[in-house]
Amino acid sequence: MRLVALAVLAGMLALHGLPALPPRGWAWGLVLAVPLAFTPGRWLRLSAAAASGLLWALWLSPGAVQDQLPAALEGATLRLEGWVAANPQPLPARGTRLTVEVAGLATPEGVAVPFVGKVRLAWPAALGAPPRVGERWRLAVRLQRPRGFANPGGPDPERRLYAAGIHARGTVHAAPAPQPRPGAPRYPVERLRQRLSEAIARLLPADPHAGLVTALAIGDQGGIAAAQWDTFQRTGTGHLLAVSGQQIALVYLAALWLARRLPWPGRIAPLRAAALVALALAAGYALLAGFGLPLQRALLMAAVATLALAWGRNPLSSHALALALIAVLLADPLAPLSAGFWLSFGAVALIGYAVSGWRDGRGAAGTALRLQWVVALGLLPAGLLLFGQFPLVSPLANLAAVPWASLVLTPLALAGALAALACDTLAGPLLAACSWAVGALLDFLAWAGRPAWATLVLPTPPPVAFAFAAPGLVWALAPPGWPARWLGWVIVLPLLAWPYPRPPAGGFRLALLDVGQGFAAVVLTAEHALVYDTGPRLGPTLDAARLTLVPYLQHEGVRRVDALVLSHADGAHDGGTRSLRERLPVARIVAADAVPIAGAEPCRAGTAWAWDGVRFELLHPP
């Protein structure tokens, strides 16, 4: 079962790695591949399982984004009709962001445009109040294919949007005016989530923690401030802000514990009945939290755990995990495109691997601390590959934050949100208490993440380092009694100390980054780094330095900027300066006279310096 699950995963990854999708007619090969996956021969069975995974993913694939919106229609005014499919998200000073399921798309002349999927639209504030979830509207829109900045080490928004079924982005226009369409509203659960979100905002007006309370209650992260995100990410506790597998597991286990103590009739096995009740409550909570991909994975894993308990099996066994993996892949072949897929299954696999060999009489505190270290260290390769950093303080921060969030924050947030549907008098104190508890957690995490050593930033190592690190960690984190576990850490060392190639003495490397409408460049010598301009500001809390410049510098192993040159005072050129200085030390700033930065040296022609055999000189202004 374990090898079959890995073979199905490998087949789906092979499809996602192709430069173009094959014809969908190839998916009829499932008729031959699936029966062969049940044959006795191991290699034939695994090959057929991999082929089945590839063909199944092809069958359910939404198709290439380029086929959804022809290039000739990008930027043209189109008529779109569809349903608002998710809770609208505020865009500070710009309006609201809508996710719309397309029912029909056409040119102004009425020519239909074949389109399947969702679009993400900006609703300008000048248009008034945005539509509500579930309503059907006719809109005049201008669309573009999903695009993102393409830089080494940076995020991949195109992949993220594709995995979410969003095949275009655009803006709603005022002419012709948006029109609501008749018909029964859709998405009843999303409508309930919108009511809960509005209730929290109403009862916590101007509260800086209201966005975090909303995220804890229903998984809506749109109101979290950038500084709050940074605090959680720096301490490795960002998973607490999403209703994910951890919260589903908590609800499941709490319901299981309570249901087992109910007086069940004698003909009903208490454990089996309790497991079914727990699964039903976990499913209800997952729906309330939006039923996104992480929650779907968590609920499928809970269903497998229920089956394992019903049959008297270990729910953390490798066979149960393999069955859950197959179920998730069959339900969502795009799941491997998300980081949460790898982190969730990796964490569960590490816990099952570690717990299976513990027979040393550790207490609850010792077991919890060891589990935190095992999960944090075991996910080190994934953290470096996905985020380029490893929060050293994560195990200790999670040791305090996870119980606080699980036993205090989430119950208060959920109870307060649900109470707001019936009684503000009861909901107000609950949400206020949750806000205070969130503030206390933020203060603790800010203190824990303040030291410079709290987060280890490393360049992305090559695949060979990961190939050695994976078995090395399995060896090093083996249960007590495993021989020579210290050898595993030796094999892991290349992952942490890989010498990233820098230019030789007398040479340099210039990188002109993709930052959209703006400019940012990096010059690396053997021992120094120069940044020329920091890209545009993209919003009140977002800029190109956060999205592209800093991730690129981390990818290249740069831990200090030796010189920052700002050409002129323009938001497209100095918009990311503050973010860069907050995340990396900057030794020297050379700026045009109009750039308002205290302590900066003025740009003057003739100013020159040399690094590692490379000479730099300013040519303008006089």
# chains A, B, ... in the order shown; residues from 1 in each chain; ligands from 1
call {"tool": "select_by_dssp", "arguments": {"residues": "range 499-605 of chain A", "states": "alpha helix (DSSP H)", "output": "list of chain:residue names"}}
result
A:Ala544, A:Val550, A:Pro551, A:Tyr552, A:Leu553, A:Gln554, A:His555, A:Gly571, A:Ala572, A:His573, A:Asp574, A:Thr577, A:Arg578, A:Ser579, A:Leu580, A:Arg581, A:Glu582, A:Arg583
call {"tool": "write_last_selection", "arguments": {"atoms": "all heavy atoms", "output": "compact mmCIF listing (two decimals), in the first residue's frame"}}
result
# COMPACT_ATOMS: atom_id res chain seq x y z
N ALA A 544 7.77 45.22 -3.68
CA ALA A 544 8.56 44.27 -4.45
C ALA A 544 9.70 43.67 -3.63
O ALA A 544 10.14 42.55 -3.92
CB ALA A 544 9.12 44.96 -5.70
N VAL A 550 14.14 40.44 -1.46
CA VAL A 550 14.66 39.72 -0.29
C VAL A 550 14.70 38.20 -0.52
O VAL A 550 15.69 37.55 -0.21
CB VAL A 550 13.82 40.08 0.96
CG1 VAL A 550 14.22 39.19 2.14
CG2 VAL A 550 14.02 41.54 1.32
N PRO A 551 13.63 37.58 -1.10
CA PRO A 551 13.75 36.14 -1.39
C PRO A 551 14.91 35.82 -2.33
O PRO A 551 15.58 34.79 -2.16
CB PRO A 551 12.40 35.81 -2.04
CG PRO A 551 11.45 36.81 -1.48
CD PRO A 551 12.26 38.06 -1.33
N TYR A 552 15.19 36.69 -3.31
CA TYR A 552 16.31 36.41 -4.21
C TYR A 552 17.64 36.49 -3.45
O TYR A 552 18.52 35.63 -3.63
CB TYR A 552 16.32 37.41 -5.37
CG TYR A 552 17.56 37.27 -6.22
CD1 TYR A 552 17.70 36.23 -7.13
CD2 TYR A 552 18.62 38.17 -6.09
CE1 TYR A 552 18.84 36.08 -7.89
CE2 TYR A 552 19.77 38.04 -6.85
CZ TYR A 552 19.88 36.98 -7.75
OH TYR A 552 21.02 36.83 -8.49
N LEU A 553 17.80 37.51 -2.61
CA LEU A 553 19.04 37.63 -1.84
C LEU A 553 19.22 36.43 -0.92
O LEU A 553 20.34 35.91 -0.77
CB LEU A 553 19.02 38.93 -1.04
CG LEU A 553 19.08 40.23 -1.86
CD1 LEU A 553 18.86 41.44 -0.97
CD2 LEU A 553 20.41 40.34 -2.58
N GLN A 554 18.15 35.98 -0.28
CA GLN A 554 18.25 34.79 0.57
C GLN A 554 18.58 33.56 -0.25
O GLN A 554 19.38 32.71 0.19
CB GLN A 554 16.93 34.60 1.33
CG GLN A 554 16.65 35.70 2.35
CD GLN A 554 15.31 35.52 3.03
OE1 GLN A 554 14.47 34.74 2.59
NE2 GLN A 554 15.09 36.25 4.11
N HIS A 555 18.00 33.45 -1.43
CA HIS A 555 18.28 32.33 -2.31
C HIS A 555 19.76 32.29 -2.69
O HIS A 555 20.34 31.21 -2.85
CB HIS A 555 17.41 32.44 -3.56
CG HIS A 555 17.71 31.41 -4.61
ND1 HIS A 555 17.28 30.11 -4.51
CD2 HIS A 555 18.39 31.50 -5.78
CE1 HIS A 555 17.68 29.43 -5.57
NE2 HIS A 555 18.35 30.25 -6.36
N GLY A 571 8.22 55.94 -6.48
CA GLY A 571 7.67 54.74 -5.85
C GLY A 571 7.99 53.46 -6.58
O GLY A 571 7.96 52.38 -5.99
N ALA A 572 8.30 53.54 -7.89
CA ALA A 572 8.64 52.34 -8.65
C ALA A 572 10.09 51.94 -8.46
O ALA A 572 10.49 50.86 -8.91
CB ALA A 572 8.36 52.57 -10.13
N HIS A 573 10.89 52.80 -7.80
CA HIS A 573 12.32 52.51 -7.64
C HIS A 573 12.75 52.39 -6.18
O HIS A 573 13.72 51.69 -5.89
CB HIS A 573 13.15 53.62 -8.32
CG HIS A 573 13.03 53.61 -9.81
ND1 HIS A 573 14.01 53.15 -10.63
CD2 HIS A 573 12.02 54.01 -10.63
CE1 HIS A 573 13.64 53.25 -11.90
NE2 HIS A 573 12.41 53.77 -11.92
N ASP A 574 12.09 53.08 -5.26
CA ASP A 574 12.48 52.99 -3.85
C ASP A 574 11.34 52.48 -2.97
O ASP A 574 11.37 52.60 -1.75
CB ASP A 574 12.96 54.35 -3.34
CG ASP A 574 11.85 55.42 -3.33
OD1 ASP A 574 10.73 55.12 -3.78
OD2 ASP A 574 12.12 56.53 -2.87
N THR A 577 12.32 49.89 -0.07
CA THR A 577 13.49 50.18 0.76
C THR A 577 13.26 49.81 2.22
O THR A 577 14.11 49.19 2.88
CB THR A 577 13.86 51.66 0.64
OG1 THR A 577 14.12 51.96 -0.73
CG2 THR A 577 15.09 51.98 1.48
N ARG A 578 12.12 50.18 2.75
CA ARG A 578 11.85 49.90 4.16
C ARG A 578 11.83 48.40 4.43
O ARG A 578 12.42 47.94 5.42
CB ARG A 578 10.52 50.54 4.57
CG ARG A 578 10.15 50.29 6.02
CD ARG A 578 8.87 51.00 6.40
NE ARG A 578 8.50 50.73 7.77
CZ ARG A 578 7.41 51.22 8.37
NH1 ARG A 578 6.61 52.04 7.68
NH2 ARG A 578 7.14 50.92 9.61
N SER A 579 11.17 47.64 3.57
CA SER A 579 11.11 46.19 3.77
C SER A 579 12.50 45.56 3.70
O SER A 579 12.82 44.65 4.47
CB SER A 579 10.19 45.55 2.72
OG SER A 579 8.85 45.94 2.92
N LEU A 580 13.33 46.03 2.77
CA LEU A 580 14.69 45.49 2.66
C LEU A 580 15.47 45.74 3.94
O LEU A 580 16.14 44.84 4.47
CB LEU A 580 15.40 46.12 1.46
CG LEU A 580 16.87 45.75 1.30
CD1 LEU A 580 17.03 44.27 1.03
CD2 LEU A 580 17.52 46.57 0.19
N ARG A 581 15.40 46.96 4.48
CA ARG A 581 16.17 47.31 5.69
C ARG A 581 15.64 46.59 6.92
O ARG A 581 16.40 46.35 7.87
CB ARG A 581 16.13 48.82 5.89
CG ARG A 581 16.77 49.60 4.75
CD ARG A 581 16.69 51.10 4.99
NE ARG A 581 17.58 51.51 6.06
CZ ARG A 581 17.60 52.74 6.58
NH1 ARG A 581 16.73 53.66 6.12
NH2 ARG A 581 18.44 53.06 7.54
N GLU A 582 14.35 46.26 6.93
CA GLU A 582 13.80 45.52 8.06
C GLU A 582 14.26 44.07 8.08
O GLU A 582 14.32 43.45 9.16
CB GLU A 582 12.27 45.57 8.03
CG GLU A 582 11.69 46.93 8.39
CD GLU A 582 10.17 46.96 8.24
OE1 GLU A 582 9.61 46.01 7.66
OE2 GLU A 582 9.57 47.94 8.71
N ARG A 583 14.58 43.51 6.92
CA ARG A 583 14.86 42.09 6.83
C ARG A 583 16.35 41.74 6.69
O ARG A 583 16.74 40.63 7.00
CB ARG A 583 14.07 41.48 5.65
CG ARG A 583 12.60 41.35 5.98
CD ARG A 583 11.72 41.27 4.74
NE ARG A 583 10.33 41.11 5.12
CZ ARG A 583 9.57 42.12 5.55
NH1 ARG A 583 10.05 43.34 5.63
NH2 ARG A 583 8.30 41.90 5.89
call {"tool": "atom_distance", "arguments": {"atom1": "CA of Arg45 in chain A", "atom2": "CA of Pro471 in chain A"}}
result
25.0 Å
call {"tool": "residues_around", "arguments": {"residues": "Phe444 in chain A", "least_positions_apart": "4", "cutoff": "9 Å", "atoms": "only C-alpha atoms", "output": "PyMOL selection string"}}
result
chain A and resi 397+401+439-440+448-449
call {"tool": "write_last_selection", "arguments": {"atoms": "N, CA, C and O atoms", "output": "compact mmCIF listing (two decimals), in the first residue's frame"}}
result
# COMPACT_ATOMS: atom_id res chain seq x y z
N ALA A 397 8.90 27.89 20.52
CA ALA A 397 7.74 28.77 20.32
C ALA A 397 6.46 27.95 20.18
O ALA A 397 5.42 28.29 20.75
N ALA A 401 2.95 27.96 22.05
CA ALA A 401 1.88 28.54 21.23
C ALA A 401 0.81 27.52 20.86
O ALA A 401 -0.37 27.87 20.79
N GLY A 439 -3.33 38.92 21.61
CA GLY A 439 -2.30 39.92 21.88
C GLY A 439 -1.20 39.38 22.77
O GLY A 439 -0.02 39.67 22.56
N ALA A 440 -1.58 38.60 23.78
CA ALA A 440 -0.57 38.00 24.65
C ALA A 440 0.34 37.05 23.89
O ALA A 440 1.56 37.03 24.09
N ALA A 448 10.17 36.06 21.43
CA ALA A 448 10.92 34.86 21.05
C ALA A 448 11.64 35.03 19.72
O ALA A 448 12.74 34.48 19.52
N GLY A 449 11.06 35.78 18.79
CA GLY A 449 11.67 35.94 17.48
C GLY A 449 12.58 37.13 17.34
O GLY A 449 13.11 37.39 16.25
call {"tool": "closest_residue", "arguments": {"among": "A:Phe468, A:Pro114, A:Ser197, A:Pro131", "to": "Ala420 in chain A", "atoms": "only C-alpha atoms"}}
result
A:Ser197
call {"tool": "closest_residue", "arguments": {"among": "A:Tyr187, A:Tyr285, A:Trp59, A:Trp83", "to": "Thr410 in chain A", "atoms": "only C-alpha atoms"}}
result
A:Tyr285
call {"tool": "closest_residue", "arguments": {"among": "A:Arg615, A:Arg147, A:His16, A:Arg537", "to": "Gly63 in chain A", "atoms": "only C-alpha atoms"}}
result
A:His16
call {"tool": "residues_around", "arguments": {"residues": "range 218-230 of chain A", "least_positions_apart": "6", "cutoff": "8 Å", "atoms": "only C-alpha atoms", "output": "list in words"}}
result
Gln89, Pro90, Arg193, Leu196, Ser197, His209, Ala210, Gly211, Leu212, Gly238, Leu241, Ala242, Val243, Leu288, Ala289, Gly290, Leu414, Leu442, Thr541 and Leu542 of chain A
call {"tool": "closest_residue", "arguments": {"among": "A:Arg136, A:Gly481, A:Phe508, A:Pro462", "to": "Pro494 in chain A", "atoms": "only C-alpha atoms"}}
result
A:Pro462
call {"tool": "decode", "arguments": {"residues": "range 533-547 of chain A", "atoms": "all heavy atoms", "output": "CSV table (one decimal), in the first residue's frame"}}
result
chain,number,residue,atom,x,y,z
A,533,ASP,N,18.3,50.1,-6.4
A,533,ASP,CA,16.8,50.3,-6.4
A,533,ASP,C,16.1,49.1,-5.8
A,533,ASP,O,16.7,47.9,-5.8
A,533,ASP,CB,16.3,50.6,-7.8
A,533,ASP,CG,16.5,52.1,-8.1
A,533,ASP,OD1,16.9,52.9,-7.3
A,533,ASP,OD2,16.3,52.4,-9.3
A,534,THR,N,15.0,49.3,-5.3
A,534,THR,CA,14.3,48.2,-4.5
A,534,THR,C,12.9,47.9,-5.1
A,534,THR,O,12.1,47.3,-4.4
A,534,THR,CB,14.2,48.6,-3.0
A,534,THR,OG1,13.5,49.9,-2.9
A,534,THR,CG2,15.5,48.8,-2.4
A,535,GLY,N,12.6,48.4,-6.3
A,535,GLY,CA,11.3,48.0,-6.9
A,535,GLY,C,10.1,48.8,-6.4
A,535,GLY,O,10.3,49.7,-5.5
A,536,PRO,N,8.9,48.6,-6.9
A,536,PRO,CA,7.8,49.4,-6.6
A,536,PRO,C,7.1,49.0,-5.3
A,536,PRO,O,7.2,47.9,-4.8
A,536,PRO,CB,6.9,49.2,-7.8
A,536,PRO,CG,7.2,47.8,-8.2
A,536,PRO,CD,8.6,47.6,-7.9
A,537,ARG,N,6.3,49.9,-4.8
A,537,ARG,CA,5.3,49.6,-3.8
A,537,ARG,C,4.1,49.1,-4.4
A,537,ARG,O,3.5,49.7,-5.4
A,537,ARG,CB,5.0,50.9,-2.9
A,537,ARG,CG,4.0,50.6,-1.8
A,537,ARG,CD,3.9,51.8,-0.9
A,537,ARG,NE,5.2,52.0,-0.2
A,537,ARG,CZ,5.5,51.4,0.9
A,537,ARG,NH1,4.7,50.5,1.4
A,537,ARG,NH2,6.6,51.6,1.5
A,538,LEU,N,3.6,48.0,-3.9
A,538,LEU,CA,2.4,47.3,-4.6
A,538,LEU,C,1.1,47.5,-3.8
A,538,LEU,O,0.1,47.0,-4.2
A,538,LEU,CB,2.7,45.8,-4.7
A,538,LEU,CG,4.0,45.5,-5.5
A,538,LEU,CD1,4.3,44.0,-5.5
A,538,LEU,CD2,3.9,46.0,-7.0
A,539,GLY,N,1.2,48.1,-2.6
A,539,GLY,CA,0.0,48.3,-1.8
A,539,GLY,C,0.4,48.9,-0.5
A,539,GLY,O,1.6,49.1,-0.2
A,540,PRO,N,-0.5,49.2,0.4
A,540,PRO,CA,-0.2,49.8,1.7
A,540,PRO,C,0.8,49.0,2.5
A,540,PRO,O,1.6,49.5,3.3
A,540,PRO,CB,-1.5,49.9,2.4
A,540,PRO,CG,-2.5,49.9,1.3
A,540,PRO,CD,-2.0,49.0,0.2
A,541,THR,N,0.8,47.6,2.4
A,541,THR,CA,1.7,46.8,3.2
A,541,THR,C,2.5,45.8,2.4
A,541,THR,O,3.2,45.0,2.9
A,541,THR,CB,0.8,46.0,4.2
A,541,THR,OG1,-0.1,45.1,3.5
A,541,THR,CG2,0.1,46.9,5.1
A,542,LEU,N,2.5,46.0,1.0
A,542,LEU,CA,3.2,45.0,0.2
A,542,LEU,C,4.1,45.8,-0.8
A,542,LEU,O,3.7,46.8,-1.3
A,542,LEU,CB,2.2,44.2,-0.6
A,542,LEU,CG,2.7,43.0,-1.4
A,542,LEU,CD1,3.4,42.0,-0.4
A,542,LEU,CD2,1.6,42.3,-2.1
A,543,ASP,N,5.3,45.3,-1.1
A,543,ASP,CA,6.2,45.9,-2.0
A,543,ASP,C,7.0,44.8,-2.7
A,543,ASP,O,7.0,43.6,-2.3
A,543,ASP,CB,7.0,47.0,-1.3
A,543,ASP,CG,7.8,46.4,-0.1
A,543,ASP,OD1,8.6,45.5,-0.3
A,543,ASP,OD2,7.6,47.0,1.0
A,544,ALA,N,7.8,45.2,-3.7
A,544,ALA,CA,8.6,44.3,-4.4
A,544,ALA,C,9.7,43.7,-3.6
A,544,ALA,O,10.1,42.6,-3.9
A,544,ALA,CB,9.1,45.0,-5.7
A,545,ALA,N,10.2,44.4,-2.6
A,545,ALA,CA,11.3,43.8,-1.8
A,545,ALA,C,10.8,42.6,-1.1
A,545,ALA,O,11.5,41.6,-1.0
A,545,ALA,CB,11.8,44.9,-0.9
A,546,ARG,N,9.6,42.7,-0.5
A,546,ARG,CA,9.1,41.5,0.2
A,546,ARG,C,8.9,40.3,-0.7
A,546,ARG,O,9.1,39.2,-0.3
A,546,ARG,CB,7.8,41.9,0.9
A,546,ARG,CG,7.9,42.8,2.1
A,546,ARG,CD,6.5,43.2,2.6
A,546,ARG,NE,5.7,42.1,2.9
A,546,ARG,CZ,5.5,41.6,4.1
A,546,ARG,NH1,6.2,42.1,5.1
A,546,ARG,NH2,4.7,40.6,4.3
A,547,LEU,N,8.4,40.6,-1.9
A,547,LEU,CA,8.0,39.5,-2.8
A,547,LEU,C,9.2,39.0,-3.6
A,547,LEU,O,9.2,37.8,-4.0
A,547,LEU,CB,6.9,40.0,-3.8
A,547,LEU,CG,5.5,40.1,-3.2
A,547,LEU,CD1,4.5,40.5,-4.3
A,547,LEU,CD2,5.0,38.8,-2.6
